[in-house]
$ cat protein_15.txt   # compact mmCIF, C-alpha atoms and all ligand atoms
# COMPACT_ATOMS: atom_id res chain seq x y z
CA MET O 1 4.72 -10.93 -17.69
CA ASN O 2 6.67 -7.80 -16.69
CA ARG O 3 6.75 -6.48 -13.11
CA VAL O 4 4.03 -3.85 -13.65
CA ASP O 5 1.75 -6.54 -15.12
CA LYS O 6 2.52 -8.71 -12.09
CA LEU O 7 1.67 -5.81 -9.79
CA ASN O 8 -1.69 -5.39 -11.51
CA ALA O 9 -2.27 -9.15 -11.26
CA ILE O 10 -1.68 -8.87 -7.48
CA PHE O 11 -4.23 -6.03 -7.33
CA LYS O 12 -6.72 -8.27 -9.17
CA ILE O 13 -6.17 -11.18 -6.74
CA TYR O 14 -6.82 -8.75 -3.88
CA GLU O 15 -9.91 -7.22 -5.46
CA ASP O 16 -11.40 -10.67 -6.16
CA GLU O 17 -10.92 -11.58 -2.51
CA ILE O 18 -12.32 -8.41 -0.92
CA GLY O 19 -15.20 -8.49 -3.43
CA LYS O 20 -16.67 -11.16 -1.13
CA TYR O 21 -17.14 -8.57 1.64
CA ASN O 22 -19.40 -5.57 2.06
CA PHE O 23 -17.87 -2.20 2.85
CA TYR O 24 -19.24 1.27 3.39
CA CYS O 25 -16.66 2.64 0.90
CA ASN O 26 -18.22 4.28 -2.14
CA GLU O 27 -17.49 6.89 -4.80
CA GLY O 28 -16.95 10.30 -3.23
CA CYS O 29 -16.15 8.89 0.22
CA SER O 30 -12.69 10.30 0.78
CA THR O 31 -11.95 10.79 4.48
CA CYS O 32 -9.17 8.21 4.09
CA CYS O 33 -7.52 10.12 1.21
CA THR O 34 -4.80 11.85 3.21
CA GLY O 35 -1.28 12.82 2.20
CA ASN O 36 0.04 9.96 4.34
CA VAL O 37 -0.25 7.27 1.68
CA ILE O 38 2.95 5.32 1.07
CA LEU O 39 3.91 3.18 -1.90
CA THR O 40 6.77 1.32 -3.53
CA SER O 41 8.76 2.63 -6.48
CA LEU O 42 7.13 -0.02 -8.68
CA GLU O 43 3.68 1.28 -7.77
CA CYS O 44 4.95 4.78 -8.52
CA GLU O 45 6.08 3.58 -11.96
CA ASN O 46 2.54 2.23 -12.50
CA LEU O 47 0.98 5.50 -11.25
CA LEU O 48 3.16 7.58 -13.55
CA LYS O 49 1.60 5.91 -16.58
CA ILE O 50 -0.98 8.64 -15.99
CA ASP O 51 0.11 12.03 -17.26
CA ILE O 52 0.75 13.95 -14.03
CA ASP O 53 1.78 17.61 -13.82
CA ILE O 54 4.76 17.04 -11.50
CA ASP O 55 5.78 20.72 -11.39
CA SER O 56 2.42 21.78 -9.99
CA LEU O 57 2.72 19.15 -7.25
CA LYS O 58 6.00 20.65 -6.03
CA LYS O 59 4.16 23.47 -4.24
CA ASN O 60 2.99 20.83 -1.72
CA LEU O 61 6.50 19.79 -0.70
CA GLY O 62 6.32 21.89 2.49
CA SER O 63 3.29 19.97 3.78
CA GLU O 64 3.53 17.60 6.72
CA ARG O 65 3.12 13.98 5.67
CA PHE O 66 3.99 10.47 6.73
CA HIS O 67 7.53 9.21 6.16
CA PRO O 68 7.65 5.61 7.41
CA LYS O 69 10.67 4.25 9.28
CA LEU O 70 10.13 0.64 8.23
CA THR O 71 8.77 -1.15 5.17
CA THR O 72 6.24 -3.97 5.64
CA ASN O 73 8.87 -6.69 5.15
CA MET O 74 11.13 -4.92 7.67
CA ILE O 75 8.22 -4.99 10.16
CA ALA O 76 7.80 -8.73 9.49
CA ASP O 77 11.53 -9.28 10.11
CA HIS O 78 11.45 -7.19 13.31
CA MET O 79 8.55 -9.31 14.60
CA LYS O 80 10.29 -12.54 13.59
CA ASN O 81 13.38 -11.44 15.53
CA GLY O 82 11.42 -10.22 18.58
CA LEU O 83 12.50 -6.59 18.07
CA ASP O 84 10.41 -3.61 19.15
CA LEU O 85 8.86 -1.58 16.36
CA PRO O 86 9.84 2.11 16.27
CA GLU O 87 7.12 4.65 16.95
CA GLU O 88 5.87 6.18 13.71
CA ASN O 89 4.87 9.84 13.40
CA ILE O 90 1.57 10.01 11.53
CA ASP O 91 -1.48 12.24 11.84
CA SER O 92 -4.58 12.04 9.64
CA SER O 93 -5.19 15.78 10.11
CA TRP O 94 -2.03 16.73 8.15
CA GLY O 95 -4.03 17.22 5.00
CA LYS O 96 -5.59 15.68 1.95
CA CYS O 97 -3.86 13.68 -0.77
CA VAL O 98 -2.63 15.84 -3.64
CA PHE O 99 -4.51 13.60 -6.10
CA LEU O 100 -7.92 14.20 -4.52
CA GLU O 101 -10.10 16.46 -6.68
CA LYS O 102 -13.64 17.28 -5.52
CA ASP O 103 -13.68 14.17 -3.33
CA LEU O 104 -12.67 11.92 -6.23
CA CYS O 105 -9.31 10.30 -6.95
CA SER O 106 -7.76 11.72 -10.12
CA VAL O 107 -5.47 8.68 -10.50
CA TYR O 108 -7.97 6.02 -9.45
CA GLU O 109 -7.10 3.33 -12.02
CA LYS O 110 -3.42 3.46 -11.07
CA ARG O 111 -3.73 4.18 -7.34
CA PRO O 112 -1.29 2.25 -5.15
CA PHE O 113 -2.17 -0.60 -2.85
CA GLY O 114 -2.03 1.73 0.18
CA CYS O 115 -5.23 3.28 -1.21
CA ARG O 116 -6.84 0.05 -2.41
CA CYS O 117 -6.55 -1.53 1.04
CA MET O 118 -8.29 1.35 2.83
CA VAL O 119 -11.66 -0.31 3.39
CA SER O 120 -14.16 -0.01 6.19
CA SER O 121 -17.50 -1.52 7.08
CA VAL O 122 -18.54 1.78 8.72
CA ASN O 123 -18.44 5.38 7.54
CA CYS O 124 -15.05 6.65 8.79
CA LYS O 125 -16.38 10.19 8.73
CA ASP O 126 -18.97 9.39 11.41
CA SER O 127 -16.93 7.02 13.52
CA ASP O 128 -13.52 8.72 13.13
CA TYR O 129 -11.94 5.36 12.36
CA ALA O 130 -12.12 2.52 9.85
CA GLU O 131 -13.57 -0.78 11.00
CA THR O 132 -12.27 -3.85 9.24
CA ASP O 133 -12.48 -7.60 9.72
CA PRO O 134 -9.14 -8.82 11.22
CA TYR O 135 -8.80 -11.22 8.27
CA ILE O 136 -8.76 -8.25 5.86
CA LEU O 137 -5.92 -6.72 7.88
CA THR O 138 -3.96 -9.95 7.50
CA LEU O 139 -4.77 -10.03 3.79
CA ASN O 140 -3.61 -6.39 3.44
CA ASN O 141 -0.29 -7.15 5.15
CA VAL O 142 0.31 -10.19 2.95
CA ILE O 143 -0.38 -8.24 -0.25
CA LEU O 144 1.91 -5.42 0.93
CA GLN O 145 4.62 -8.02 1.56
CA TYR O 146 4.28 -9.51 -1.92
CA ILE O 147 4.33 -6.11 -3.60
CA GLU O 148 7.49 -5.14 -1.71
CA HIS O 149 9.01 -8.52 -2.55
CA LEU O 150 8.27 -7.97 -6.22
CA ASP O 151 9.98 -4.57 -5.94
CA HIS O 152 12.78 -5.69 -3.58
CA GLU O 153 15.37 -3.69 -5.50
CA GLY O 154 13.25 -0.55 -5.17
CA PHE O 155 12.18 1.75 -2.34
CA THR O 156 9.17 2.65 -0.20
CA GLY O 157 8.15 6.20 0.58
CA ASN O 158 5.47 8.85 0.74
CA ILE O 159 3.36 9.23 -2.41
CA LEU O 160 4.17 12.91 -2.97
CA ASP O 161 7.94 12.44 -2.57
CA MET O 162 7.94 9.30 -4.67
CA VAL O 163 6.04 10.89 -7.56
CA ILE O 164 8.25 13.99 -7.56
CA PHE O 165 11.63 12.44 -6.84
CA LYS O 166 11.03 8.83 -7.95
CA SER O 167 14.01 6.86 -6.69
CA ASP O 168 16.50 9.64 -7.41
CA LEU O 169 16.47 11.07 -3.91
CA THR O 170 16.90 7.84 -2.04
CA GLU O 171 17.53 9.46 1.36
CA ARG O 172 13.79 10.24 1.41
CA PHE O 173 12.93 6.56 0.99
CA ILE O 174 13.51 3.19 2.65
CA LYS O 175 15.10 0.34 0.72
CA ASN O 176 12.69 -2.50 0.06
CA ARG O 177 13.59 -6.10 0.83
CA LYS O 178 12.47 -9.61 0.02
CA MET O 179 10.12 -11.24 2.47
CA SER O 180 11.53 -13.89 4.77
CA ILE O 181 8.32 -14.69 6.64
CA LEU O 182 4.66 -13.97 6.00
CA MET O 183 2.62 -12.12 8.63
CA VAL O 184 -0.26 -14.59 8.83
CA PRO O 185 -1.62 -15.40 12.28
CA PHE O 186 -2.58 -19.01 12.93
CA GLU O 187 -6.34 -18.31 12.84
CA HIS O 188 -6.18 -16.97 9.26
CA ARG O 189 -3.90 -19.62 7.72
CA GLU O 190 -6.65 -21.77 6.30
CA LYS O 191 -8.81 -18.89 5.07
CA ILE O 192 -5.97 -17.13 3.23
CA GLY O 193 -4.81 -20.39 1.61
CA PRO O 194 -6.48 -19.83 -1.83
CA VAL O 195 -5.07 -16.28 -2.03
CA LEU O 196 -1.57 -17.54 -1.19
CA SER O 197 -1.94 -20.22 -3.81
CA SER O 198 -2.88 -17.62 -6.49
CA LEU O 199 0.05 -15.42 -5.43
CA SER O 200 2.41 -18.36 -5.45
CA LYS O 201 1.35 -19.26 -9.02
CA LEU O 202 2.03 -15.67 -10.07
CA PHE O 203 5.53 -15.89 -8.60
CA LYS O 204 5.90 -19.45 -9.91
CA GLY O 205 6.65 -20.59 -6.35
CA ASN O 206 9.94 -18.68 -6.54
CA LEU O 207 9.74 -16.63 -3.35
CA PHE O 208 12.46 -17.08 -0.76
S1 LIG O 301 -12.05 3.61 4.18
FE1 LIG O 301 -13.56 4.97 5.15
S2 LIG O 301 -13.25 7.01 4.25
FE2 LIG O 301 -12.22 5.50 2.95
S3 LIG O 301 -13.70 5.05 1.35
FE3 LIG O 301 -13.94 3.50 2.98
S4 LIG O 301 -15.52 4.27 4.38
FE4 LIG O 301 -14.84 5.97 3.07
S1 LIG O 302 -4.12 8.43 -4.65
FE1 LIG O 302 -6.35 8.61 -4.92
S2 LIG O 302 -7.23 6.97 -3.64
FE2 LIG O 302 -5.12 7.31 -2.98
S3 LIG O 302 -5.26 8.74 -1.27
FE3 LIG O 302 -4.88 9.92 -3.15
S4 LIG O 302 -6.89 10.51 -3.87
FE4 LIG O 302 -7.21 8.85 -2.41
$ encode --input "protein_15.txt" --output "structure tokens"
Amino acid sequence: MNRVDKLNAIFKIYEDEIGKYNFYCNEGCSTCCTGNVILTSLECENLLKIDIDIDSLKKNLGSERFHPKLTTNMIADHMKNGLDLPEENIDSSWGKCVFLEKDLCSVYEKRPFGCRCMVSSVNCKDSDYAETDPYILTLNNVILQYIEHLDHEGFTGNILDMVIFKSDLTERFIKNRKMSILMVPFEHREKIGPVLSSLSKLFKGNLF
């Protein structure tokens, strides 16, 4: 299995797990589709299997958008070492994702995990925020950690920059790293066990 196949297998493990929950999310609901989505270079490689007109996206390069300071595995390492997390500059009003067309995602089949994990049990449009079971947040973090681990030689960055520059302009991106600890709070250890077991089989137990 190549790395892109493994990435899609991780998506499937995630989708099987969240399929057990009910969310408000439905086709055409797109308040969460902002230009702040981040992804790994491997997810970008997967996304670029769709024929995208990169030149036409370049007109959006002046837009404000999220550029993270830390990857998920860096956050896990900071927490493990008792370090403070830097403040991130992110605002949902900065604008819509460049792949949103008439409230639908034009790259839906290949969208990155940052989009897949945006789920809410309430309509974000009405409440102004997403509401999610704390276990789903743990699950999201774990999947983000595995995806970064799988792409530990790659980078993390904003979706627009990554699609346009790929990993050529590395100063725009943060270097990924392997995971050294999983962000699973004690109360979710038992519940997430079957998911970890599926992920571990996919990585053949070869993680740290
Ligand atoms: S996360 Fe919120 S805005 Fe996004 S699809 Fe779900 S309910 Fe709609
Ligand atoms: S890539 Fe698709 S799902 Fe993700 S934010 Fe953009 S439009 Fe929404």
$ residues_near_ligand --input "protein_15.txt" --ligand "ligand LIG 301 (chain O)" --cutoff "7 Å" --atoms "all atoms listed in the file" --output "PyMOL selection string"
chain O and resi 23-26+29-33+118-125+130
$ residues_near_ligand --input "protein_15.txt" --ligand "ligand LIG 302 (chain O)" --cutoff "9 Å" --atoms "all atoms listed in the file" --output "PyMOL selection string"
chain O and resi 30-37+47+96-101+103-116+118+159
$ write_last_selection --input "protein_15.txt" --atoms "C-alpha atoms" --output "mmCIF file, in the frame of the given file"
data_model
loop_
_atom_site.group_PDB
_atom_site.id
_atom_site.type_symbol
_atom_site.label_atom_id
_atom_site.label_comp_id
_atom_site.auth_asym_id
_atom_site.auth_seq_id
_atom_site.Cartn_x
_atom_site.Cartn_y
_atom_site.Cartn_z
ATOM 1 C CA SER O 30 -12.690 10.300 0.780
ATOM 2 C CA THR O 31 -11.950 10.790 4.480
ATOM 3 C CA CYS O 32 -9.170 8.210 4.090
ATOM 4 C CA CYS O 33 -7.520 10.120 1.210
ATOM 5 C CA THR O 34 -4.800 11.850 3.210
ATOM 6 C CA GLY O 35 -1.280 12.820 2.200
ATOM 7 C CA ASN O 36 0.040 9.960 4.340
ATOM 8 C CA VAL O 37 -0.250 7.270 1.680
ATOM 9 C CA LEU O 47 0.980 5.500 -11.250
ATOM 10 C CA LYS O 96 -5.590 15.680 1.950
ATOM 11 C CA CYS O 97 -3.860 13.680 -0.770
ATOM 12 C CA VAL O 98 -2.630 15.840 -3.640
ATOM 13 C CA PHE O 99 -4.510 13.600 -6.100
ATOM 14 C CA LEU O 100 -7.920 14.200 -4.520
ATOM 15 C CA GLU O 101 -10.100 16.460 -6.680
ATOM 16 C CA ASP O 103 -13.680 14.170 -3.330
ATOM 17 C CA LEU O 104 -12.670 11.920 -6.230
ATOM 18 C CA CYS O 105 -9.310 10.300 -6.950
ATOM 19 C CA SER O 106 -7.760 11.720 -10.120
ATOM 20 C CA VAL O 107 -5.470 8.680 -10.500
ATOM 21 C CA TYR O 108 -7.970 6.020 -9.450
ATOM 22 C CA GLU O 109 -7.100 3.330 -12.020
ATOM 23 C CA LYS O 110 -3.420 3.460 -11.070
ATOM 24 C CA ARG O 111 -3.730 4.180 -7.340
ATOM 25 C CA PRO O 112 -1.290 2.250 -5.150
ATOM 26 C CA PHE O 113 -2.170 -0.600 -2.850
ATOM 27 C CA GLY O 114 -2.030 1.730 0.180
ATOM 28 C CA CYS O 115 -5.230 3.280 -1.210
ATOM 29 C CA ARG O 116 -6.840 0.050 -2.410
ATOM 30 C CA MET O 118 -8.290 1.350 2.830
ATOM 31 C CA ILE O 159 3.360 9.230 -2.410
#
$ atom_distance --input "protein_15.txt" --atom1 "CA of Thr71 (chain O)" --atom2 "CA of Leu196 (chain O)"
20.4 Å
$ residues_around --input "protein_15.txt" --residues "region 2-19 of chain O" --least-positions-apart "3" --cutoff "8 Å" --atoms "all atoms listed in the file" --output "list in words"
Asn22, Leu42, Glu43, Glu45, Asn46, Phe113, Ile136, Ile143, Ile147, Leu150, Val195, Ser198, Leu199 and Leu202 of chain O
$ atom_distance --input "protein_15.txt" --atom1 "CA of Thr156 (chain O)" --atom2 "CA of Ile52 (chain O)"
19.7 Å
$ axis_aligned_box --input "protein_15.txt" --around "region 20-36 of chain O" --padding-each-side "8 Å" --output "lines of an AutoDock Vina configuration file"
center_x = -9.7
center_y = 0.8
center_z = -0.2
size_x = 35.4
size_y = 40.0
size_z = 25.3
$ residues_around --input "protein_15.txt" --residues "Tyr135 (chain O)" --least-positions-apart "5" --cutoff "9 Å" --atoms "only C-alpha atoms" --output "list in words"
Asn140, Glu187, His188, Lys191 and Ile192 of chain O
$ atom_distance --input "protein_15.txt" --atom1 "CA of Gly193 (chain O)" --atom2 "CA of Leu39 (chain O)"
25.4 Å
$ residues_near_point --input "protein_15.txt" --point "(15.3, 6.7, 3.8)" --cutoff "12 Å" --atoms "all atoms listed in the file" --output "PDB file with C-alpha atoms, keeping the file's coordinate frame"
ATOM      1  CA  HIS O  67       7.530   9.210   6.160  1.00  0.00           C
ATOM      2  CA  PRO O  68       7.650   5.610   7.410  1.00  0.00           C
ATOM      3  CA  LYS O  69      10.670   4.250   9.280  1.00  0.00           C
ATOM      4  CA  LEU O  70      10.130   0.640   8.230  1.00  0.00           C
ATOM      5  CA  THR O  71       8.770  -1.150   5.170  1.00  0.00           C
ATOM      6  CA  GLY O 154      13.250  -0.550  -5.170  1.00  0.00           C
ATOM      7  CA  PHE O 155      12.180   1.750  -2.340  1.00  0.00           C
ATOM      8  CA  THR O 156       9.170   2.650  -0.200  1.00  0.00           C
ATOM      9  CA  GLY O 157       8.150   6.200   0.580  1.00  0.00           C
ATOM     10  CA  ASN O 158       5.470   8.850   0.740  1.00  0.00           C
ATOM     11  CA  ASP O 161       7.940  12.440  -2.570  1.00  0.00           C
ATOM     12  CA  MET O 162       7.940   9.300  -4.670  1.00  0.00           C
ATOM     13  CA  SER O 167      14.010   6.860  -6.690  1.00  0.00           C
ATOM     14  CA  ASP O 168      16.500   9.640  -7.410  1.00  0.00           C
ATOM     15  CA  LEU O 169      16.470  11.070  -3.910  1.00  0.00           C
ATOM     16  CA  THR O 170      16.900   7.840  -2.040  1.00  0.00           C
ATOM     17  CA  GLU O 171      17.530   9.460   1.360  1.00  0.00           C
ATOM     18  CA  ARG O 172      13.790  10.240   1.410  1.00  0.00           C
ATOM     19  CA  PHE O 173      12.930   6.560   0.990  1.00  0.00           C
ATOM     20  CA  ILE O 174      13.510   3.190   2.650  1.00  0.00           C
ATOM     21  CA  LYS O 175      15.100   0.340   0.720  1.00  0.00           C
ATOM     22  CA  ASN O 176      12.690  -2.500   0.060  1.00  0.00           C
TER      23      ASN O 176
END
$ closest_residue --input "protein_15.txt" --among "O:Trp94, O:Leu144, O:Met183, O:Tyr21" --to "Thr132 (chain O)" --atoms "all atoms listed in the file"
O:Tyr21
